[in-house]
>>> print(open('structure.cif').read())   # mmCIF, C-alpha atoms
data_entry
#
loop_
_atom_site.label_atom_id
_atom_site.label_comp_id
_atom_site.auth_asym_id
_atom_site.auth_seq_id
_atom_site.Cartn_x
_atom_site.Cartn_y
_atom_site.Cartn_z
CA MET Z 263 130.23 54.08 -133.68
CA GLY Z 264 127.03 52.29 -133.19
CA GLY Z 265 128.66 49.07 -132.11
CA TRP Z 266 128.10 49.58 -128.44
CA GLY Z 267 126.55 46.75 -126.54
CA ARG Z 268 126.99 44.20 -129.25
CA SER Z 269 130.25 42.42 -128.70
CA GLU Z 270 133.21 43.35 -126.56
CA ALA Z 271 131.92 46.81 -125.85
CA LYS Z 272 131.42 47.78 -122.26
CA PRO Z 273 128.30 49.64 -121.23
CA GLN Z 274 128.80 53.30 -121.70
CA ILE Z 275 126.91 56.20 -120.37
CA VAL Z 276 127.94 59.40 -121.99
CA GLU Z 277 126.68 62.04 -119.70
CA HIS Z 278 124.55 62.57 -116.69
CA SER Z 279 121.74 64.89 -115.97
CA GLY Z 280 121.32 67.67 -113.55
CA GLY Z 281 122.19 70.50 -115.84
CA SER Z 282 125.89 71.12 -115.83
CA LEU Z 283 128.58 68.59 -116.47
CA ARG Z 284 130.68 67.94 -113.46
CA SER Z 285 134.08 66.27 -113.52
CA PRO Z 286 133.64 62.65 -112.60
CA PRO Z 287 135.53 61.40 -109.56
CA ALA Z 288 138.36 58.96 -110.16
CA THR Z 289 136.10 56.15 -109.09
CA GLN Z 290 133.35 57.15 -111.50
CA ARG Z 291 132.21 53.99 -113.22
CA LEU Z 292 130.82 55.70 -116.25
CA PHE Z 293 132.27 58.50 -118.16
CA ILE Z 294 132.93 58.17 -121.81
CA ILE Z 295 132.74 61.00 -124.25
CA MET Z 296 131.05 59.99 -127.47
CA ASN Z 297 131.04 62.37 -130.37
CA ASN Z 298 128.57 62.45 -133.24
CA THR Z 299 126.49 59.72 -131.68
CA SER Z 300 122.73 59.60 -131.42
CA THR Z 301 121.59 59.05 -127.89
CA ILE Z 302 118.81 57.68 -125.72
CA THR Z 303 117.83 59.37 -122.49
CA ILE Z 304 116.99 57.17 -119.52
CA ARG Z 305 114.77 58.76 -116.86
CA LEU Z 306 115.12 57.41 -113.34
CA PHE Z 307 112.70 57.75 -110.45
CA ALA Z 308 112.34 56.95 -106.77
CA VAL Z 309 114.59 54.09 -105.65
CA LEU Z 310 116.31 53.87 -109.05
CA ARG Z 311 117.16 57.56 -108.98
CA GLU Z 312 118.68 57.10 -105.53
CA ILE Z 313 120.78 54.09 -106.57
CA VAL Z 314 122.14 55.76 -109.69
CA GLY Z 315 122.45 59.14 -107.98
CA GLN Z 316 121.04 61.00 -110.99
CA ASP Z 317 117.56 61.52 -112.36
CA GLN Z 318 118.61 60.78 -115.90
CA VAL Z 319 121.48 59.34 -117.87
CA THR Z 320 122.21 59.33 -121.58
CA ILE Z 321 123.54 56.39 -123.55
CA PRO Z 322 124.47 56.03 -127.21
CA TRP Z 323 121.88 54.76 -129.64
CA HIS Z 324 122.58 52.15 -132.30
CA GLU Z 325 120.52 50.32 -134.90
CA ASN Z 326 118.20 47.68 -133.47
CA LEU Z 327 118.71 48.86 -129.90
CA THR Z 328 115.92 47.51 -127.68
CA VAL Z 329 114.63 48.44 -124.25
CA ALA Z 330 115.89 45.08 -122.99
CA GLU Z 331 119.41 46.00 -124.03
CA VAL Z 332 119.20 49.35 -122.29
CA LYS Z 333 117.95 47.57 -119.19
CA GLN Z 334 120.84 45.12 -119.33
CA THR Z 335 123.34 47.94 -119.70
CA LEU Z 336 121.99 49.75 -116.68
CA GLN Z 337 122.01 46.53 -114.69
CA GLN Z 338 125.62 45.75 -115.62
CA THR Z 339 126.66 49.25 -114.72
CA TYR Z 340 124.77 49.38 -111.44
CA PRO Z 341 124.59 45.78 -110.13
CA GLU Z 342 122.79 46.97 -107.00
CA ILE Z 343 119.85 47.93 -109.18
CA GLU Z 344 119.05 44.31 -110.00
CA PRO Z 345 116.61 43.53 -107.16
CA GLN Z 346 114.63 46.61 -108.20
CA PHE Z 347 114.35 45.35 -111.75
CA LYS Z 348 112.28 42.30 -110.82
CA ALA Z 349 108.99 44.19 -110.91
CA ILE Z 350 110.09 46.96 -113.20
CA MET Z 351 107.92 48.43 -115.93
CA MET Z 352 109.28 50.31 -118.90
CA ALA Z 353 108.04 53.27 -120.87
CA ARG Z 354 109.14 54.76 -124.16
CA ASN Z 355 108.40 58.43 -124.72
CA GLY Z 356 105.84 58.44 -121.93
CA SER Z 357 103.91 55.26 -122.78
CA TYR Z 358 104.34 51.80 -121.31
CA CYS Z 359 106.20 49.47 -123.67
CA LYS Z 360 107.59 45.95 -123.90
CA GLN Z 361 111.21 44.91 -123.51
CA THR Z 362 111.34 44.01 -127.18
CA GLN Z 363 110.52 47.58 -128.16
CA LEU Z 364 112.96 48.93 -130.74
CA LEU Z 365 114.33 52.38 -130.04
CA GLN Z 366 114.88 55.41 -132.21
CA PRO Z 367 117.48 58.15 -131.69
CA ASP Z 368 116.45 60.70 -129.03
CA ASP Z 369 113.90 58.35 -127.47
CA GLU Z 370 113.24 58.80 -123.78
CA ILE Z 371 113.13 55.56 -121.83
CA ALA Z 372 111.86 55.36 -118.27
CA PHE Z 373 112.30 52.49 -115.86
CA ILE Z 374 109.32 52.55 -113.58
CA PRO Z 375 109.50 50.85 -110.20
CA PRO Z 376 106.16 49.73 -108.73
CA VAL Z 377 104.06 52.85 -108.33
CA SER Z 378 102.37 53.93 -105.13
CA GLY Z 379 100.41 57.09 -105.76
CA GLY Z 380 97.32 58.08 -103.84
CA MET K 204 111.51 77.15 -102.99
CA LYS K 205 109.74 77.14 -106.31
CA LYS K 206 106.43 75.27 -106.36
CA THR K 207 106.04 73.20 -109.45
CA SER K 208 102.68 72.47 -110.99
CA HIS K 209 101.68 70.39 -113.99
CA GLN K 210 98.18 70.40 -115.30
CA LYS K 211 95.81 69.50 -118.10
CA PHE K 212 92.28 70.73 -118.70
CA GLU K 213 89.79 69.72 -121.38
CA SER K 214 86.17 70.61 -121.79
CA ASP K 215 83.40 70.01 -124.33
CA GLU K 216 79.62 69.68 -124.33
CA THR K 217 79.81 66.18 -122.79
CA GLY K 218 81.76 67.34 -119.77
CA SER K 219 85.25 68.24 -118.60
CA LEU K 220 88.40 66.79 -117.19
CA ARG K 221 91.06 68.39 -115.06
CA ILE K 222 94.34 66.86 -113.96
CA GLU K 223 96.86 68.57 -111.71
CA LEU K 224 100.11 67.61 -110.04
CA THR K 225 101.12 70.16 -107.47
CA GLU K 226 103.51 70.78 -104.63
CA SER K 227 101.01 73.12 -103.00
CA PRO K 228 98.27 71.99 -100.56
CA ILE K 229 95.16 70.71 -102.35
CA ASP K 230 92.04 72.86 -102.10
CA HIS K 231 89.46 70.07 -102.25
CA SER K 232 86.50 72.41 -101.77
CA GLU K 233 87.46 74.27 -104.90
CA LEU K 234 87.90 70.96 -106.74
CA LEU K 235 84.47 69.75 -105.66
CA ASN K 236 82.86 73.02 -106.69
CA SER K 237 84.52 72.78 -110.08
CA VAL K 238 82.74 69.52 -110.97
CA GLN K 239 79.28 70.58 -109.82
CA ASP K 240 76.74 71.16 -112.55
CA HIS K 241 72.96 71.63 -112.77
CA SER K 242 72.72 68.60 -115.02
CA CYS K 243 74.24 66.43 -112.30
CA GLY K 244 72.38 65.15 -109.27
CA ALA K 245 75.50 63.63 -107.77
CA SER K 246 79.01 64.75 -106.94
CA VAL K 247 81.52 62.50 -105.21
CA LEU K 248 84.75 63.68 -103.61
CA PHE K 249 87.43 61.20 -102.56
CA LEU K 250 90.44 62.30 -100.51
CA GLY K 251 93.51 60.20 -99.89
CA THR K 252 95.29 61.50 -96.81
CA VAL K 253 98.56 60.75 -95.06
CA ARG K 254 97.99 57.99 -92.51
CA GLU K 255 100.02 57.74 -89.33
CA PHE K 256 100.22 53.95 -88.91
CA THR K 257 100.83 51.26 -91.52
CA ASN K 258 101.04 47.70 -90.22
CA GLY K 259 102.18 49.01 -86.86
CA LYS K 260 104.90 51.27 -88.27
CA GLN K 261 104.58 54.95 -87.57
CA THR K 262 104.88 57.52 -90.32
CA ASP K 263 106.37 60.95 -89.69
CA SER K 264 105.83 62.27 -93.20
CA LEU K 265 105.69 61.20 -96.84
CA THR K 266 107.32 62.43 -100.00
CA TYR K 267 105.71 61.90 -103.40
CA GLU K 268 107.63 61.93 -106.65
CA ALA K 269 106.23 61.70 -110.20
CA TYR K 270 107.22 61.21 -113.79
CA HIS K 271 105.18 64.32 -114.49
CA GLU K 272 104.46 64.12 -118.20
CA MET K 273 103.60 60.44 -118.10
CA ALA K 274 101.58 60.70 -114.87
CA ILE K 275 99.37 63.30 -116.54
CA SER K 276 98.94 61.20 -119.69
CA GLU K 277 98.22 57.99 -117.74
CA ILE K 278 95.62 59.74 -115.58
CA HIS K 279 94.15 61.12 -118.77
CA LYS K 280 93.80 57.59 -120.17
CA LEU K 281 92.06 56.44 -116.98
CA ILE K 282 89.61 59.32 -117.16
CA GLU K 283 88.83 58.42 -120.77
CA GLN K 284 88.17 54.84 -119.69
CA ALA K 285 85.93 56.00 -116.85
CA ARG K 286 83.96 58.20 -119.21
CA GLN K 287 83.41 55.25 -121.54
CA GLN K 288 82.19 52.99 -118.74
CA TRP K 289 80.00 55.35 -116.77
CA ASN K 290 77.74 58.27 -117.47
CA VAL K 291 79.85 60.89 -115.75
CA LYS K 292 80.07 64.55 -116.59
CA HIS K 293 83.03 66.24 -114.91
CA ILE K 294 86.15 64.66 -113.45
CA GLY K 295 88.87 66.51 -111.55
CA ILE K 296 91.97 64.85 -110.10
CA ILE K 297 94.73 66.59 -108.14
CA HIS K 298 97.77 64.72 -106.84
CA ARG K 299 100.16 66.33 -104.42
CA LEU K 300 103.92 65.94 -104.82
CA GLY K 301 106.86 66.67 -102.57
CA PRO K 302 106.83 66.43 -98.78
CA LEU K 303 103.51 65.93 -96.94
CA ALA K 304 102.72 65.94 -93.23
CA LEU K 305 100.35 63.60 -91.41
CA GLY K 306 96.72 64.24 -92.31
CA GLU K 307 97.47 66.22 -95.44
CA THR K 308 95.65 65.39 -98.64
CA ALA K 309 97.80 63.43 -101.09
CA VAL K 310 95.17 62.96 -103.74
CA ALA K 311 91.71 64.37 -104.41
CA ILE K 312 89.27 62.97 -106.95
CA ALA K 313 85.98 64.70 -107.74
CA VAL K 314 83.39 63.25 -110.10
CA SER K 315 79.92 64.44 -111.03
CA SER K 316 77.16 62.61 -112.86
CA PRO K 317 73.39 62.82 -113.37
CA HIS K 318 72.93 59.84 -111.02
CA ARG K 319 75.02 58.80 -108.01
CA ALA K 320 75.95 55.23 -108.98
CA ASP K 321 78.11 56.46 -111.85
CA SER K 322 80.05 58.94 -109.72
CA PHE K 323 80.69 56.43 -106.94
CA ALA K 324 81.86 53.75 -109.37
CA ALA K 325 84.01 56.06 -111.46
CA ALA K 326 85.71 57.60 -108.43
CA GLN K 327 86.55 54.17 -107.02
CA PHE K 328 87.83 52.95 -110.40
CA LEU K 329 90.00 56.05 -110.83
CA MET K 330 91.58 55.77 -107.39
CA ASP K 331 92.22 52.02 -107.71
CA GLU K 332 93.79 52.40 -111.13
CA ILE K 333 95.91 55.41 -110.18
CA LYS K 334 97.61 53.19 -107.64
CA LYS K 335 98.37 50.59 -110.31
CA SER K 336 99.53 52.42 -113.40
CA VAL K 337 100.28 56.06 -112.79
CA PRO K 338 104.00 56.74 -112.29
CA ILE K 339 103.86 58.38 -108.88
CA TRP K 340 105.94 57.06 -105.99
CA LYS K 341 105.62 57.41 -102.24
CA GLN K 342 108.56 57.52 -99.88
CA GLU K 343 107.78 56.83 -96.24
CA HIS K 344 109.72 58.69 -93.59
CA TRP K 345 109.22 56.41 -90.60
CA SER K 346 109.29 57.67 -87.04
CA ASP K 347 112.42 55.58 -86.36
CA GLY K 348 114.34 57.82 -88.77
CA THR K 349 114.47 55.39 -91.69
CA THR K 350 113.04 56.03 -95.14
CA GLU K 351 111.56 53.60 -97.64
CA TRP K 352 110.09 53.73 -101.14
CA VAL K 353 106.88 51.87 -100.53
CA HIS K 354 105.54 49.36 -103.01
CA PRO K 355 101.79 49.04 -103.28
CA SER K 356 101.91 45.33 -102.46
CA GLN K 357 103.25 46.28 -99.04
CA THR K 358 100.53 48.77 -98.17
#
>>> encode(input="structure.cif", output="C-alpha cells")
Amino acid sequence: MGGWGRSEAKPQIVEHSGGSLRSPPATQRLFIIMNNTSTITIRLFAVLREIVGQDQVTIPWHENLTVAEVKQTLQQTYPEIEPQFKAIMMARNGSYCKQTQLLQPDDEIAFIPPVSGG
Amino acid sequence: MKKTSHQKFESDETGSLRIELTESPIDHSELLNSVQDHSCGASVLFLGTVREFTNGKQTDSLTYEAYHEMAISEIHKLIEQARQQWNVKHIGIIHRLGPLALGETAVAIAVSSPHRADSFAAAQFLMDEIKKSVPIWKQEHWSDGTTEWVHPSQT
C-alpha cells in the first residue's frame, strides 16, 4: 500500500482504458490488481497512445508522488517511449505543470508530445 | 460514425469568444459572419488548410487528434491574452479533428475589431500560439503509404 515506486517495487499499472477490462495476454507487461488504492490517471495522445496501445492507463497513487516519478514509471514500463520523452510536456488536470509537481489522488496527468495543430 | 464536438462560448458587453473542436467540416462563412459587428470596421478570417507537399513529401490526408478539455482551455487562455493585448471585439476559433482530405480546412480563426491592425495582429498571434501550446496533434498520411506524427519543428 502506497509504497509503490519507492524501493524494490516494480512499476505497476492497475488497469487500462477503453471501457471494459479485457484479459491481458500472457505477455502483458502490466497487470496488477490493486485494491483500496487511490489512483492517478495518465492520458496518452498521438505517438504515445500508439506506443502504449491505450489512450489512458491508471497507476496507484502514494504520498509525495510527483509527475517525474510517473514519467519514470511509464518510461521503465515502455522503454520504446523514451525518445518521445525528450521534448515532452506535462499537464496536471488540464494545465501545464512541472516535473516536480506533487500529485493528489484522482489527478489526471497528461504527457504531451510536441503539438502540431493548425 | 458519431461526430464529436466540443465547444465553449462566452459573451459580454466587451465582446465574445467561441471555441469549437469538431469532426465535421468547418463552415468558415458562418464563423466569419458570427464575429461581424456594427462597432467593428474590420474582420479577419484565417484558414489553415491541408497542404499537399511538405519539403517534397506528398500528403494523401491528415488526421488530427486533441486532448479536448485542455485544448479548449488553452485556446481560451490565448484568447484572453489576445484580448488584453489588442482592442478586439469578437473571436471565433474552430479546429477540425479526425481525418481530413487535401484542401480541407483544419483550422479557422475569425477576429473582429474597430480597426484592422488589431484584428490582423490578434489573428496572427492566435494561430502562432495555437501551434505552440494547444494539445492538438497532426498525423501525416504520406502518399508512399507511411504515417507520421509530425512535430512542429519539422514543418
>>> atom_distance(input="structure.cif", atom1="CA of Asn326 (chain Z)", atom2="CA of Ile371 (chain Z)")
14.9 Å
>>> closest_residue(input="structure.cif", among="Z:Ala349, Z:Leu365, Z:Ile343, Z:Leu327", to="chain K", atoms="all atoms listed in the file")
Z:Ala349
>>> closest_atom_pairs(input="structure.cif", of="chain K", to="chain Z", cutoff="9 Å", atoms="only C-alpha atoms", output="Markdown table")
| residue | atom | partner | partner_atom | distance |
| --- | --- | --- | --- | --- |
| K:Leu250 | CA | Z:Gly380 | CA | 8.7 |
| K:Gly251 | CA | Z:Gly380 | CA | 5.9 |
| K:Thr252 | CA | Z:Gly380 | CA | 8.1 |
| K:Tyr267 | CA | Z:Gly379 | CA | 7.5 |
| K:Glu268 | CA | Z:Ala308 | CA | 6.9 |
| K:Ala269 | CA | Z:Phe307 | CA | 7.6 |
| K:Tyr270 | CA | Z:Phe307 | CA | 7.3 |
| K:Glu272 | CA | Z:Gly356 | CA | 6.9 |
| K:Met273 | CA | Z:Gly356 | CA | 4.9 |
| K:Ala274 | CA | Z:Gly356 | CA | 8.5 |
| K:Ser276 | CA | Z:Gly356 | CA | 7.8 |
| K:Glu277 | CA | Z:Ser357 | CA | 8.1 |
| K:His298 | CA | Z:Gly380 | CA | 7.3 |
| K:Arg299 | CA | Z:Gly380 | CA | 8.7 |
| K:Ala309 | CA | Z:Gly380 | CA | 6.0 |
| K:Val310 | CA | Z:Gly380 | CA | 5.3 |
| K:Ala311 | CA | Z:Gly380 | CA | 8.4 |
| K:Met330 | CA | Z:Gly380 | CA | 7.1 |
| K:Asp331 | CA | Z:Gly380 | CA | 8.8 |
| K:Ile333 | CA | Z:Gly379 | CA | 6.5 |
| K:Lys334 | CA | Z:Gly379 | CA | 5.2 |
| K:Lys335 | CA | Z:Val377 | CA | 6.4 |
| K:Ser336 | CA | Z:Val377 | CA | 6.8 |
| K:Val337 | CA | Z:Val377 | CA | 6.7 |
| K:Pro338 | CA | Z:Val377 | CA | 5.6 |
| K:Ile339 | CA | Z:Gly379 | CA | 4.8 |
| K:Trp340 | CA | Z:Ser378 | CA | 4.8 |
| K:Lys341 | CA | Z:Ser378 | CA | 5.6 |
| K:Gln342 | CA | Z:Ala308 | CA | 7.9 |
| K:Glu351 | CA | Z:Val309 | CA | 8.6 |
| K:Trp352 | CA | Z:Val309 | CA | 6.4 |
| K:Val353 | CA | Z:Ser378 | CA | 6.8 |
| K:His354 | CA | Z:Pro376 | CA | 5.8 |
| K:Pro355 | CA | Z:Ser378 | CA | 5.3 |
| K:Ser356 | CA | Z:Pro376 | CA | 8.8 |
| K:Thr358 | CA | Z:Ser378 | CA | 8.9 |
>>> write_last_selection(input="structure.cif", atoms="C-alpha atoms", output="PDB file, in the frame of the given file")
ATOM      1  CA  LEU K 250      90.440  62.300-100.510  1.00  0.00           C
ATOM      2  CA  GLY K 251      93.510  60.200 -99.890  1.00  0.00           C
ATOM      3  CA  THR K 252      95.290  61.500 -96.810  1.00  0.00           C
ATOM      4  CA  TYR K 267     105.710  61.900-103.400  1.00  0.00           C
ATOM      5  CA  GLU K 268     107.630  61.930-106.650  1.00  0.00           C
ATOM      6  CA  ALA K 269     106.230  61.700-110.200  1.00  0.00           C
ATOM      7  CA  TYR K 270     107.220  61.210-113.790  1.00  0.00           C
ATOM      8  CA  GLU K 272     104.460  64.120-118.200  1.00  0.00           C
ATOM      9  CA  MET K 273     103.600  60.440-118.100  1.00  0.00           C
ATOM     10  CA  ALA K 274     101.580  60.700-114.870  1.00  0.00           C
ATOM     11  CA  SER K 276      98.940  61.200-119.690  1.00  0.00           C
ATOM     12  CA  GLU K 277      98.220  57.990-117.740  1.00  0.00           C
ATOM     13  CA  HIS K 298      97.770  64.720-106.840  1.00  0.00           C
ATOM     14  CA  ARG K 299     100.160  66.330-104.420  1.00  0.00           C
ATOM     15  CA  ALA K 309      97.800  63.430-101.090  1.00  0.00           C
ATOM     16  CA  VAL K 310      95.170  62.960-103.740  1.00  0.00           C
ATOM     17  CA  ALA K 311      91.710  64.370-104.410  1.00  0.00           C
ATOM     18  CA  MET K 330      91.580  55.770-107.390  1.00  0.00           C
ATOM     19  CA  ASP K 331      92.220  52.020-107.710  1.00  0.00           C
ATOM     20  CA  ILE K 333      95.910  55.410-110.180  1.00  0.00           C
ATOM     21  CA  LYS K 334      97.610  53.190-107.640  1.00  0.00           C
ATOM     22  CA  LYS K 335      98.370  50.590-110.310  1.00  0.00           C
ATOM     23  CA  SER K 336      99.530  52.420-113.400  1.00  0.00           C
ATOM     24  CA  VAL K 337     100.280  56.060-112.790  1.00  0.00           C
ATOM     25  CA  PRO K 338     104.000  56.740-112.290  1.00  0.00           C
ATOM     26  CA  ILE K 339     103.860  58.380-108.880  1.00  0.00           C
ATOM     27  CA  TRP K 340     105.940  57.060-105.990  1.00  0.00           C
ATOM     28  CA  LYS K 341     105.620  57.410-102.240  1.00  0.00           C
ATOM     29  CA  GLN K 342     108.560  57.520 -99.880  1.00  0.00           C
ATOM     30  CA  GLU K 351     111.560  53.600 -97.640  1.00  0.00           C
ATOM     31  CA  TRP K 352     110.090  53.730-101.140  1.00  0.00           C
ATOM     32  CA  VAL K 353     106.880  51.870-100.530  1.00  0.00           C
ATOM     33  CA  HIS K 354     105.540  49.360-103.010  1.00  0.00           C
ATOM     34  CA  PRO K 355     101.790  49.040-103.280  1.00  0.00           C
ATOM     35  CA  SER K 356     101.910  45.330-102.460  1.00  0.00           C
ATOM     36  CA  THR K 358     100.530  48.770 -98.170  1.00  0.00           C
TER      37      THR K 358
END
>>> atom_distance(input="structure.cif", atom1="CA of Thr362 (chain Z)", atom2="CA of Glu331 (chain Z)")
8.9 Å
>>> atom_distance(input="structure.cif", atom1="CA of Ser246 (chain K)", atom2="CA of Ser227 (chain K)")
23.9 Å
>>> resolve_selection(input="structure.cif", expression="the PyMOL selection byres ((chain K and resi 208-215) around 10)", output="PyMOL selection string")
chain K and resi 205-207+216-227+271-272+274-276+279+293+295-300
>>> residues_around(input="structure.cif", residues="region 320-323 of chain K", least_positions_apart="5", cutoff="10 Å", atoms="all atoms listed in the file", output="PyMOL selection string")
chain K and resi 243-249+285-286+288-294+313-315+328
>>> resolve_selection(input="structure.cif", expression="the PyMOL selection byres ((chain K and resi 263) around 9)", output="list in words")
Glu255, Gln261, Thr262, Ser264, Leu265, Ala304, Leu305, Glu343, His344, Trp345, Ser346, Asp347 and Gly348 of chain K
>>> closest_residue(input="structure.cif", among="Z:Val329, Z:Val314, Z:Ile302, Z:Thr320", to="Asp369 (chain Z)", atoms="only C-alpha atoms")
Z:Ile302
>>> closest_residue(input="structure.cif", among="Z:Gly315, Z:Cys359, Z:His324, Z:Leu310", to="Gln337 (chain Z)", atoms="only C-alpha atoms")
Z:Leu310
>>> closest_residue(input="structure.cif", among="K:Lys280, K:Phe256, K:Thr308, K:Leu303", to="Ser232 (chain K)", atoms="all atoms listed in the file")
K:Thr308
>>> build_atoms(input="structure.cif", residues="region 236-252 of chain K", atoms="N, CA and C atoms", output="tab-separated table (two decimals), in the coordinates of the input")
chain	number	residue	atom	x	y	z
K	236	ASN	N	83.69	72.00	-106.03
K	236	ASN	CA	82.86	73.02	-106.69
K	236	ASN	C	83.02	72.98	-108.20
K	237	SER	N	84.24	72.70	-108.65
K	237	SER	CA	84.52	72.78	-110.08
K	237	SER	C	83.86	71.67	-110.88
K	238	VAL	N	83.43	70.59	-110.22
K	238	VAL	CA	82.74	69.52	-110.97
K	238	VAL	C	81.22	69.63	-110.88
K	239	GLN	N	80.73	70.51	-110.01
K	239	GLN	CA	79.28	70.58	-109.82
K	239	GLN	C	78.60	71.27	-111.00
K	240	ASP	N	77.39	70.79	-111.30
K	240	ASP	CA	76.74	71.16	-112.55
K	240	ASP	C	75.23	70.92	-112.36
K	241	HIS	N	74.41	71.80	-112.92
K	241	HIS	CA	72.96	71.63	-112.77
K	241	HIS	C	72.44	70.35	-113.41
K	242	SER	N	73.17	69.84	-114.37
K	242	SER	CA	72.72	68.60	-115.02
K	242	SER	C	73.06	67.36	-114.19
K	243	CYS	N	73.79	67.56	-113.13
K	243	CYS	CA	74.24	66.43	-112.30
K	243	CYS	C	73.55	66.44	-110.94
K	244	GLY	N	73.00	65.28	-110.59
K	244	GLY	CA	72.38	65.15	-109.27
K	244	GLY	C	73.34	64.57	-108.26
K	245	ALA	N	74.55	64.26	-108.69
K	245	ALA	CA	75.50	63.63	-107.77
K	245	ALA	C	76.91	64.17	-107.98
K	246	SER	N	77.59	64.42	-106.89
K	246	SER	CA	79.01	64.75	-106.94
K	246	SER	C	79.69	63.95	-105.85
K	247	VAL	N	80.78	63.29	-106.19
K	247	VAL	CA	81.52	62.50	-105.21
K	247	VAL	C	82.92	63.08	-105.10
K	248	LEU	N	83.38	63.22	-103.85
K	248	LEU	CA	84.75	63.68	-103.61
K	248	LEU	C	85.47	62.61	-102.81
K	249	PHE	N	86.59	62.12	-103.31
K	249	PHE	CA	87.43	61.20	-102.56
K	249	PHE	C	88.72	61.92	-102.19
K	250	LEU	N	89.15	61.75	-100.94
K	250	LEU	CA	90.44	62.30	-100.51
K	250	LEU	C	91.32	61.17	-99.99
K	251	GLY	N	92.52	61.09	-100.47
K	251	GLY	CA	93.51	60.20	-99.89
K	251	GLY	C	94.42	61.04	-99.02
K	252	THR	N	94.53	60.67	-97.75
K	252	THR	CA	95.29	61.50	-96.81
K	252	THR	C	96.42	60.71	-96.16
